[in-house]
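Quick look at structure.txt (compact mmCIF, C-alpha atoms):
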# COMPACT_ATOMS: atom_id res chain seq x y z
CA MET A 1 161.05 47.93 73.50
CA LYS A 2 161.72 51.28 75.08
CA HIS A 3 163.99 51.43 78.09
CA PRO A 4 164.76 54.97 79.25
CA ARG A 5 168.29 55.49 80.45
CA LEU A 6 167.82 56.50 84.06
CA ASP A 7 169.41 59.87 84.81
CA PRO A 8 171.56 59.78 87.98
CA ALA A 9 170.98 63.52 88.48
CA ARG A 10 167.28 62.88 89.06
CA PHE A 11 168.09 60.75 92.12
CA PHE A 12 170.58 63.04 93.84
CA GLY A 13 169.00 64.39 97.00
CA GLU A 14 168.58 63.60 100.66
CA VAL A 15 166.14 61.49 102.65
CA GLY A 16 166.28 61.93 106.41
CA GLY A 17 169.53 63.85 106.00
CA GLU A 18 171.20 60.96 104.16
CA PRO A 19 172.44 61.30 100.55
CA VAL A 20 170.53 59.36 97.89
CA ALA A 21 172.01 58.44 94.51
CA LEU A 22 171.57 56.12 91.55
CA PHE A 23 174.28 53.59 90.71
CA ARG A 24 174.69 51.81 87.37
CA LEU A 25 176.29 48.37 87.15
CA ARG A 26 177.61 47.18 83.78
CA HIS A 27 178.95 43.82 82.64
CA ALA A 28 180.85 42.78 79.53
CA SER A 29 177.87 40.62 78.53
CA GLY A 30 175.89 43.83 77.95
CA MET A 31 173.81 43.44 81.10
CA GLU A 32 173.12 46.67 83.00
CA VAL A 33 171.42 47.18 86.36
CA ALA A 34 170.39 50.44 88.04
CA VAL A 35 170.21 50.56 91.85
CA CYS A 36 169.15 53.37 94.19
CA ASN A 37 170.57 53.31 97.70
CA LEU A 38 167.18 54.32 99.15
CA GLY A 39 165.92 50.87 100.06
CA ALA A 40 168.76 49.31 98.00
CA LYS A 41 166.18 49.26 95.20
CA VAL A 42 166.85 47.58 91.86
CA LEU A 43 165.05 49.85 89.41
CA GLN A 44 166.19 48.59 86.01
CA ILE A 45 167.69 45.42 84.52
CA LEU A 46 168.72 45.38 80.85
CA VAL A 47 169.17 41.96 79.22
CA PRO A 48 168.69 40.67 75.65
CA ASP A 49 165.66 38.89 74.22
CA ARG A 50 165.78 35.92 71.82
CA ASP A 51 166.76 38.27 68.97
CA GLY A 52 169.62 39.80 70.93
CA VAL A 53 167.77 43.08 71.52
CA ARG A 54 168.36 44.49 75.00
CA GLY A 55 165.32 45.44 77.00
CA ASP A 56 164.30 46.32 80.54
CA VAL A 57 162.85 43.45 82.61
CA ALA A 58 162.32 45.21 85.97
CA LEU A 59 159.61 47.60 87.07
CA GLY A 60 160.82 50.77 88.78
CA TYR A 61 160.90 54.55 88.87
CA ASP A 62 162.94 57.19 87.05
CA SER A 63 163.26 59.86 89.75
CA LEU A 64 163.63 60.09 93.51
CA ALA A 65 160.26 61.83 93.79
CA ALA A 66 158.52 59.05 91.86
CA LEU A 67 160.28 56.39 93.92
CA GLN A 68 159.14 57.99 97.17
CA ALA A 69 155.56 58.28 95.91
CA GLY A 70 155.44 54.76 94.52
CA ALA A 71 155.13 51.23 95.87
CA PRO A 72 157.60 51.05 98.80
CA SER A 73 158.63 47.44 98.15
CA MET A 74 159.32 47.82 94.43
CA GLY A 75 162.88 46.67 93.81
CA ALA A 76 163.77 46.91 97.51
CA PHE A 77 165.93 44.69 99.68
CA ILE A 78 163.59 43.81 102.55
CA GLY A 79 164.55 43.53 106.24
CA ARG A 80 165.15 43.17 109.09
CA VAL A 81 162.27 40.64 108.90
CA ALA A 82 160.58 39.96 105.56
CA GLY A 83 156.89 39.12 105.36
CA ARG A 84 154.13 39.58 107.92
CA ILE A 85 154.46 39.25 111.69
CA ALA A 86 151.10 38.48 113.30
CA GLN A 87 149.61 41.30 115.37
CA ALA A 88 152.98 43.11 115.15
CA ARG A 89 154.27 41.35 118.26
CA TYR A 90 156.08 38.27 119.50
CA THR A 91 157.82 36.85 122.56
CA LEU A 92 161.41 35.67 122.36
CA ASP A 93 163.42 34.20 125.25
CA GLY A 94 160.74 35.38 127.67
CA THR A 95 160.72 39.02 126.48
CA ALA A 96 157.73 40.49 124.64
CA TYR A 97 158.34 42.80 121.66
CA THR A 98 155.76 45.11 120.13
CA LEU A 99 156.45 46.38 116.61
CA GLY A 100 155.01 49.13 114.46
CA ALA A 101 151.91 47.87 112.62
CA ASN A 102 151.76 48.76 108.93
CA ALA A 103 149.49 46.08 107.44
CA GLY A 104 146.29 46.38 109.42
CA PRO A 105 147.16 45.03 112.88
CA HIS A 106 150.25 43.26 111.54
CA SER A 107 153.83 44.25 110.74
CA ILE A 108 155.06 43.68 107.19
CA HIS A 109 158.52 43.84 105.62
CA GLY A 110 160.33 45.24 108.65
CA GLY A 111 157.55 47.59 109.73
CA PRO A 112 157.27 51.34 109.15
CA ASN A 113 161.05 51.75 109.47
CA GLY A 114 162.15 48.66 107.60
CA SER A 115 165.05 48.71 105.17
CA ARG A 116 162.83 49.54 102.17
CA HIS A 117 162.30 53.01 103.70
CA ARG A 118 165.92 53.64 104.69
CA VAL A 119 169.05 54.95 103.01
CA PHE A 120 171.96 52.53 102.73
CA SER A 121 175.56 53.65 102.55
CA ALA A 122 176.91 52.58 99.17
CA HIS A 123 180.26 51.98 97.51
CA GLN A 124 180.71 50.92 93.89
CA ASP A 125 183.58 48.46 94.11
CA ALA A 126 183.84 47.93 90.33
CA PRO A 127 181.78 48.68 87.22
CA ASP A 128 179.83 45.45 87.78
CA ALA A 129 179.54 45.46 91.60
CA LEU A 130 177.94 47.52 94.37
CA THR A 131 178.19 47.11 98.15
CA LEU A 132 175.55 48.62 100.45
CA ARG A 133 175.44 48.72 104.25
CA LEU A 134 172.76 49.41 106.85
CA ARG A 135 172.56 49.15 110.65
CA PHE A 136 169.40 47.87 112.36
CA GLU A 137 168.77 49.06 115.93
CA PRO A 138 165.90 48.51 118.39
CA SER A 139 165.36 52.25 118.63
CA VAL A 140 164.47 52.27 114.92
CA ASP A 141 162.51 49.06 114.24
CA ARG A 142 161.81 47.71 117.79
CA HIS A 143 163.40 44.31 117.17
CA PRO A 144 166.05 43.20 119.70
CA GLY A 145 169.75 43.43 118.99
CA ILE A 146 171.97 45.63 116.86
CA VAL A 147 172.69 44.10 113.46
CA ASP A 148 174.91 45.32 110.64
CA LEU A 149 173.87 44.27 107.16
CA THR A 150 176.29 44.14 104.23
CA LEU A 151 174.56 43.68 100.88
CA SER A 152 176.27 43.00 97.55
CA TYR A 153 174.87 43.26 94.03
CA ARG A 154 177.17 41.80 91.35
CA LEU A 155 176.80 41.05 87.67
CA THR A 156 178.38 37.90 86.26
CA ASP A 157 178.31 35.86 83.07
CA GLY A 158 174.97 34.38 82.16
CA PRO A 159 173.95 37.21 82.35
CA THR A 160 173.30 36.95 86.09
CA LEU A 161 172.46 39.29 88.96
CA VAL A 162 174.01 37.92 92.17
CA VAL A 163 172.54 39.15 95.46
CA GLU A 164 174.52 38.29 98.60
CA HIS A 165 174.11 39.47 102.16
CA GLU A 166 175.71 39.04 105.55
CA ALA A 167 174.01 40.13 108.78
CA VAL A 168 176.26 40.37 111.85
CA ALA A 169 175.38 41.17 115.46
CA VAL A 170 177.64 43.88 116.87
CA CYS A 171 176.81 43.98 120.58
CA PRO A 172 177.60 40.93 122.75
CA ALA A 173 175.28 42.18 125.50
CA SER A 174 172.28 42.44 123.17
CA PRO A 175 169.78 39.59 122.72
CA ALA A 176 169.85 37.59 119.51
CA SER A 177 167.89 39.15 116.66
CA PRO A 178 165.37 37.43 114.40
CA ALA A 179 166.21 38.09 110.76
CA SER A 180 164.91 37.35 107.30
CA PHE A 181 166.02 39.38 104.27
CA ALA A 182 164.57 39.21 100.76
CA PRO A 183 165.09 40.85 97.36
CA HIS A 184 161.76 42.26 96.14
CA ILE A 185 162.37 42.94 92.43
CA PHE A 186 159.29 43.15 90.21
CA PHE A 187 160.13 41.25 87.00
CA ASN A 188 158.40 41.41 83.65
CA LEU A 189 160.31 39.48 81.00
CA ASP A 190 158.55 41.43 78.24
CA GLY A 191 159.31 44.83 79.75
CA PRO A 192 157.42 47.35 81.89
CA GLY A 193 154.32 48.57 80.10
CA GLU A 194 154.60 46.08 77.23
CA ARG A 195 152.10 43.54 78.57
CA LEU A 196 151.06 41.88 81.80
CA ILE A 197 152.74 38.72 83.10
CA ASP A 198 149.68 36.57 82.33
CA GLU A 199 151.39 34.64 79.52
CA HIS A 200 154.56 34.03 81.54
CA ARG A 201 155.15 30.39 82.44
CA LEU A 202 156.30 29.77 86.01
CA GLN A 203 157.74 26.68 87.67
CA VAL A 204 158.72 26.47 91.35
CA PHE A 205 160.70 23.52 92.71
CA ALA A 206 158.96 23.23 96.07
CA ASP A 207 158.06 20.53 98.57
CA ARG A 208 155.13 22.27 100.23
CA LEU A 209 153.14 25.48 100.48
CA LEU A 210 153.04 27.39 103.77
CA ALA A 211 149.49 27.96 104.98
CA ALA A 212 148.30 31.50 105.75
CA ASP A 213 145.22 32.99 107.39
CA ALA A 214 142.70 35.45 105.95
CA ASP A 215 145.23 38.30 106.39
CA ASN A 216 147.89 36.26 104.59
CA VAL A 217 149.87 35.72 107.80
CA ALA A 218 151.68 32.38 107.98
CA THR A 219 150.10 30.02 110.52
CA GLY A 220 152.93 27.51 110.93
CA GLU A 221 151.16 24.78 108.94
CA ARG A 222 152.51 23.20 105.77
CA MET A 223 150.27 22.11 102.90
CA LEU A 224 150.90 19.37 100.37
CA LEU A 225 150.99 20.55 96.77
CA ASP A 226 149.30 17.48 95.28
CA GLY A 227 145.94 18.66 94.00
CA HIS A 228 146.48 22.24 95.20
CA ALA A 229 145.43 25.09 92.91
CA LEU A 230 148.86 26.70 93.36
CA ASP A 231 150.96 23.64 92.58
CA LEU A 232 153.75 25.06 90.39
CA ARG A 233 156.01 22.02 90.24
CA GLN A 234 155.28 21.89 86.51
CA PRO A 235 155.37 25.07 84.35
CA ARG A 236 152.01 26.84 84.32
CA ARG A 237 150.69 29.96 82.61
CA LEU A 238 150.02 32.65 85.17
CA CYS A 239 146.74 33.58 83.45
CA ASP A 240 145.47 30.10 84.40
CA LEU A 241 146.08 30.80 88.10
CA PRO A 242 144.54 33.13 90.68
CA ASP A 243 146.62 35.95 92.09
CA ILE A 244 149.50 34.50 94.06
CA ASP A 245 151.02 35.89 97.27
CA HIS A 246 152.20 32.71 98.94
CA ALA A 247 155.33 31.24 100.49
CA TYR A 248 156.73 27.99 99.12
CA GLU A 249 158.97 25.68 101.13
CA LEU A 250 161.72 24.94 98.64
CA ALA A 251 163.05 21.57 97.63
CA GLY A 252 166.74 20.84 97.89
CA PRO A 253 169.48 20.06 100.39
CA PRO A 254 168.83 21.00 104.04
CA ASP A 255 172.34 22.43 104.40
CA GLY A 256 171.53 25.72 102.70
CA GLY A 257 173.37 24.92 99.48
CA LEU A 258 172.84 26.97 96.33
CA ARG A 259 170.25 25.29 94.09
CA ARG A 260 167.76 26.17 91.36
CA VAL A 261 164.33 26.85 92.84
CA ALA A 262 162.29 28.46 90.04
CA GLN A 263 162.13 29.28 86.37
CA ALA A 264 160.00 31.87 84.58
CA HIS A 265 159.67 32.07 80.80
CA SER A 266 157.98 34.50 78.44
CA PRO A 267 157.08 33.02 75.04
CA ALA A 268 156.68 36.56 73.66
CA SER A 269 160.26 37.74 74.25
CA GLY A 270 161.87 34.32 74.64
CA ARG A 271 163.51 35.44 77.87
CA THR A 272 163.95 33.06 80.78
CA LEU A 273 164.74 33.74 84.42
CA ASP A 274 166.17 31.02 86.64
CA VAL A 275 166.30 31.64 90.39
CA TRP A 276 169.03 29.98 92.45
CA THR A 277 169.27 30.48 96.20
CA THR A 278 170.58 29.20 99.52
CA GLU A 279 167.36 30.23 101.31
CA PRO A 280 164.69 27.71 102.47
CA VAL A 281 161.53 29.59 101.41
CA MET A 282 160.42 31.73 98.48
CA GLN A 283 157.48 34.11 98.41
CA VAL A 284 155.81 34.20 94.99
CA TYR A 285 153.82 37.37 94.30
CA THR A 286 151.99 38.14 91.06
CA ALA A 287 151.32 41.75 92.10
CA GLY A 288 147.56 41.55 92.22
CA ALA A 289 147.42 44.67 94.41
CA LEU A 290 149.89 46.75 92.38
CA GLY A 291 148.50 50.12 91.33
CA THR A 292 145.21 49.69 93.19
CA GLY A 293 145.79 52.56 95.65
CA ALA A 294 143.97 55.87 95.74
CA THR A 295 146.55 57.52 93.47
CA PRO A 296 148.09 56.12 90.25
CA ASP A 297 151.47 54.40 90.54
CA ILE A 298 153.59 55.87 87.75
CA GLY A 299 156.76 54.04 86.77
CA LYS A 300 159.60 54.67 84.33
CA ASP A 301 158.76 56.56 81.17
CA GLY A 302 155.26 57.28 82.48
CA VAL A 303 154.21 53.61 82.57
CA LEU A 304 151.10 53.09 84.71
CA HIS A 305 151.70 50.16 87.06
CA ARG A 306 148.73 47.81 87.04
CA PRO A 307 147.80 44.56 88.80
CA ARG A 308 149.85 41.64 87.47
CA ALA A 309 152.32 43.94 85.74
CA GLY A 310 155.20 42.21 87.52
CA LEU A 311 156.28 38.97 89.15
CA CYS A 312 158.22 38.83 92.43
CA LEU A 313 160.30 35.79 93.36
CA GLU A 314 161.57 36.48 96.89
CA PRO A 315 163.86 33.90 98.55
CA GLN A 316 163.91 34.34 102.34
CA GLN A 317 163.58 32.66 105.73
CA TYR A 318 160.29 31.29 107.12
CA PRO A 319 157.59 33.99 107.47
CA ASN A 320 156.19 34.77 110.93
CA ALA A 321 158.65 32.26 112.38
CA VAL A 322 158.80 34.32 115.60
CA ASN A 323 155.19 33.24 116.25
CA CYS A 324 155.30 29.75 114.70
CA PRO A 325 157.21 27.19 116.79
CA SER A 326 156.95 24.67 113.94
CA PHE A 327 159.13 26.88 111.69
CA PRO A 328 162.92 27.24 111.97
CA LEU A 329 163.82 30.72 113.19
CA MET A 330 166.93 32.49 111.90
CA ARG A 331 168.61 34.33 114.78
CA VAL A 332 171.64 36.59 114.48
CA ALA A 333 173.96 36.72 117.50
CA VAL A 334 177.62 37.55 118.03
CA GLY A 335 179.56 34.78 116.31
CA GLN A 336 176.40 33.62 114.51
CA PRO A 337 176.06 35.65 111.28
CA TYR A 338 173.32 35.12 108.72
CA ARG A 339 174.60 34.77 105.18
CA ALA A 340 172.62 34.04 102.03
CA ARG A 341 173.01 34.14 98.28
CA THR A 342 170.42 34.46 95.52
CA GLU A 343 171.16 34.47 91.80
CA TYR A 344 168.81 35.69 89.09
CA ARG A 345 170.11 34.05 85.90
CA PHE A 346 168.71 35.31 82.60
CA GLY A 347 168.66 33.51 79.28
CA THR A 348 166.57 32.92 76.18
CA ARG A 349 164.87 30.07 74.38
CA ASP A 350 162.39 29.61 71.55

Would you mind writing the file out in structure tokens?
Amino acid sequence: MKHPRLDPARFFGEVGGEPVALFRLRHASGMEVAVCNLGAKVLQILVPDRDGVRGDVALGYDSLAALQAGAPSMGAFIGRVAGRIAQARYTLDGTAYTLGANAGPHSIHGGPNGSRHRVFSAHQDAPDALTLRLRFEPSVDRHPGIVDLTLSYRLTDGPTLVVEHEAVAVCPASPASPASFAPHIFFNLDGPGERLIDEHRLQVFADRLLAADADNVATGERMLLDGHALDLRQPRRLCDLPDIDHAYELAGPPDGGLRRVAQAHSPASGRTLDVWTTEPVMQVYTAGALGTGATPDIGKDGVLHRPRAGLCLEPQQYPNAVNCPSFPLMRVAVGQPYRARTEYRFGTRD
């Protein structure tokens, strides 16, 4: 499998007057991860297959120009509110908020000025760790409150990519802020351009599926998985399923403890990916819309991104919770930070 070594020089530049760079994380296990601080985007993950051969398991781009022209969510860390907000508006504590619409009449993934479009400050703490920071303000994304986000990517034994964040309100006089952050890495356990994810097996340890309307906006209803076409409680081949872009309410302790919520496996490469998280919900996306725009979406090494070329497993808070009283709403206020941890643990099996 080819995996071009991303050239940091091709990412040096500025976006909105802020410096953009590529950072490489390396671990003694041989795992490597490349991250760009524009959108905190994970653009490459190198891990071994069943034969011990390292290969790339993340879709991404190999230059700043390609990244800016490509799919905005690819590899990004999404915020301040992941998912769709109905009609790009909500009322909280008696105050109405109108957001920027960027998905028809709705707001998606933080709106037009969400974190996927913004430059994080970055500091490489060690060869296997990177810390990124970003401030969210009402003047930028129209949500209430000023919130500072600290995001950490770390590599550990396994090999494992650990994603941790802490969101803290910084102004006591500001109203509490809704918040939901999500890693949006596009995985392909056989490698970008090698084959689609159709033969991947996926299992999700979930209690229920969250209902959505025709625009894929969460309605506040929960659906039982028994008899549902998207029941993934047992491993299923993705080619046997329709395109998926749905939120699953995850099984596990209600106290936000770290637990395993999903496993993906490719029989071709033998690679496995286990997802562990403290979050209550996970969006599963099989990238049915990838590469369907008016212009081609060109990834690393000239790979043409196509529908179902990648799989996204996105732990987060409840989608559209600001408009769904039946869903818990995460709110960040002074003295009430929002912390979460997600681990992507790679392995192999026959």

Which residues of segment 127-204 of chain A come within 9 Å of segment 278-287 of chain A, and for each one, what is the closest pair of atoms and their distance in Å to one decimal, counting all atoms listed in the file, sorted by chain and residue number, as a Markdown table?
| residue | atom | partner | partner_atom | distance |
| --- | --- | --- | --- | --- |
| A:Ala182 | CA | A:Met282 | CA | 8.9 |
| A:Phe186 | CA | A:Ala287 | CA | 8.3 |
| A:Ile197 | CA | A:Thr286 | CA | 8.0 |

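A straight line drawn from atom CA of Val57 of chain A to atom CA of Gln234 of chain A is 23.2 Å long.
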
Could you check which residues have any atom within 9 Å of (156.7, 34.8, 79.5), counting only C-alpha atoms with coordinates taken straight from the file, and then list them as a PyMOL selection string?
chain A and resi 188-190+197-202+237+264-272

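When only C-alpha atoms are used to measure the gap to Asp93 of chain A, the shortest distance among A:Ala176, A:Met330, A:Ala262, A:Val35 belongs to A:Ala176.
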
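Considering all atoms listed in the file, the residue among A:Ser107, A:Ala211, A:Ala58, A:Val119 positioned nearest to Gly17 of chain A is A:Val119.
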
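Minimum atom-to-atom distances from A:Pro178, A:Pro144, A:Gly16, A:Gly299 to Ala71 of chain A were compared using all atoms listed in the file, and the lowest value belongs to A:Gly299.
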
Pick the closest to His123 of chain A from A:Arg306, A:His143, A:His165, A:Arg24: which is it, counting all atoms listed in the file?
A:Arg24

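Rounded to one decimal, atom CA of Arg233 of chain A and atom CA of Leu210 of chain A lie 14.9 Å from each other.
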
Tell me, as a PyMOL selection string, which residues lie within 12 Å of Leu250 of chain A, counting only C-alpha atoms; anything in the same chain fewer than 3 positions away does not count.
chain A and resi 203-210+222+225+232-233+247+253-254+256-262+275-284+314-318

Writing out the chosen residues with C-alpha atoms as a PDB file, keeping the file's coordinate frame:
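The result, stored in again_21.pdb:
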ATOM      1  CA  GLN A 203     157.740  26.680  87.670  1.00  0.00           C
ATOM      2  CA  VAL A 204     158.720  26.470  91.350  1.00  0.00           C
ATOM      3  CA  PHE A 205     160.700  23.520  92.710  1.00  0.00           C
ATOM      4  CA  ALA A 206     158.960  23.230  96.070  1.00  0.00           C
ATOM      5  CA  ASP A 207     158.060  20.530  98.570  1.00  0.00           C
ATOM      6  CA  ARG A 208     155.130  22.270 100.230  1.00  0.00           C
ATOM      7  CA  LEU A 209     153.140  25.480 100.480  1.00  0.00           C
ATOM      8  CA  LEU A 210     153.040  27.390 103.770  1.00  0.00           C
ATOM      9  CA  ARG A 222     152.510  23.200 105.770  1.00  0.00           C
ATOM     10  CA  LEU A 225     150.990  20.550  96.770  1.00  0.00           C
ATOM     11  CA  LEU A 232     153.750  25.060  90.390  1.00  0.00           C
ATOM     12  CA  ARG A 233     156.010  22.020  90.240  1.00  0.00           C
ATOM     13  CA  ALA A 247     155.330  31.240 100.490  1.00  0.00           C
ATOM     14  CA  PRO A 253     169.480  20.060 100.390  1.00  0.00           C
ATOM     15  CA  PRO A 254     168.830  21.000 104.040  1.00  0.00           C
ATOM     16  CA  GLY A 256     171.530  25.720 102.700  1.00  0.00           C
ATOM     17  CA  GLY A 257     173.370  24.920  99.480  1.00  0.00           C
ATOM     18  CA  LEU A 258     172.840  26.970  96.330  1.00  0.00           C
ATOM     19  CA  ARG A 259     170.250  25.290  94.090  1.00  0.00           C
ATOM     20  CA  ARG A 260     167.760  26.170  91.360  1.00  0.00           C
ATOM     21  CA  VAL A 261     164.330  26.850  92.840  1.00  0.00           C
ATOM     22  CA  ALA A 262     162.290  28.460  90.040  1.00  0.00           C
ATOM     23  CA  VAL A 275     166.300  31.640  90.390  1.00  0.00           C
ATOM     24  CA  TRP A 276     169.030  29.980  92.450  1.00  0.00           C
ATOM     25  CA  THR A 277     169.270  30.480  96.200  1.00  0.00           C
ATOM     26  CA  THR A 278     170.580  29.200  99.520  1.00  0.00           C
ATOM     27  CA  GLU A 279     167.360  30.230 101.310  1.00  0.00           C
ATOM     28  CA  PRO A 280     164.690  27.710 102.470  1.00  0.00           C
ATOM     29  CA  VAL A 281     161.530  29.590 101.410  1.00  0.00           C
ATOM     30  CA  MET A 282     160.420  31.730  98.480  1.00  0.00           C
ATOM     31  CA  GLN A 283     157.480  34.110  98.410  1.00  0.00           C
ATOM     32  CA  VAL A 284     155.810  34.200  94.990  1.00  0.00           C
ATOM     33  CA  GLU A 314     161.570  36.480  96.890  1.00  0.00           C
ATOM     34  CA  PRO A 315     163.860  33.900  98.550  1.00  0.00           C
ATOM     35  CA  GLN A 316     163.910  34.340 102.340  1.00  0.00           C
ATOM     36  CA  GLN A 317     163.580  32.660 105.730  1.00  0.00           C
ATOM     37  CA  TYR A 318     160.290  31.290 107.120  1.00  0.00           C
TER      38      TYR A 318
END

Around (153.2, 36.7, 109.0) in the file's frame, which residues reach within 10 Å when counting all atoms listed in the file? Return as a list in words?
Val81, Ala82, Gly83, Arg84, Ile85, Ala86, Gln87, Ala88, His106, Ser107, Ile108, His109, Ala212, Asp213, Asp215, Asn216, Val217, Ala218, Thr219, Gly220, Tyr318, Pro319, Asn320, Ala321, Val322, Asn323 and Cys324 of chain A

Interatomic distance between atom CA of Met31 of chain A and atom CA of Val47 of chain A?
5.2 Å

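Of the listed residues A:Gly100, A:Gly291, A:Pro307, A:Pro175, the one whose atoms come nearest to Arg195 of chain A is A:Pro307, with distances taken using only C-alpha atoms.
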
Report the centre and edge lengths, in Å to one decimal, of an axis-aligned box enclosing every atom of segment 203-210 of chain A listed in the file, padded by 4 Å on each side, as AutoDock Vina command-line options.
--center_x 156.9 --center_y 24.0 --center_z 95.7 --size_x 15.7 --size_y 14.9 --size_z 24.1
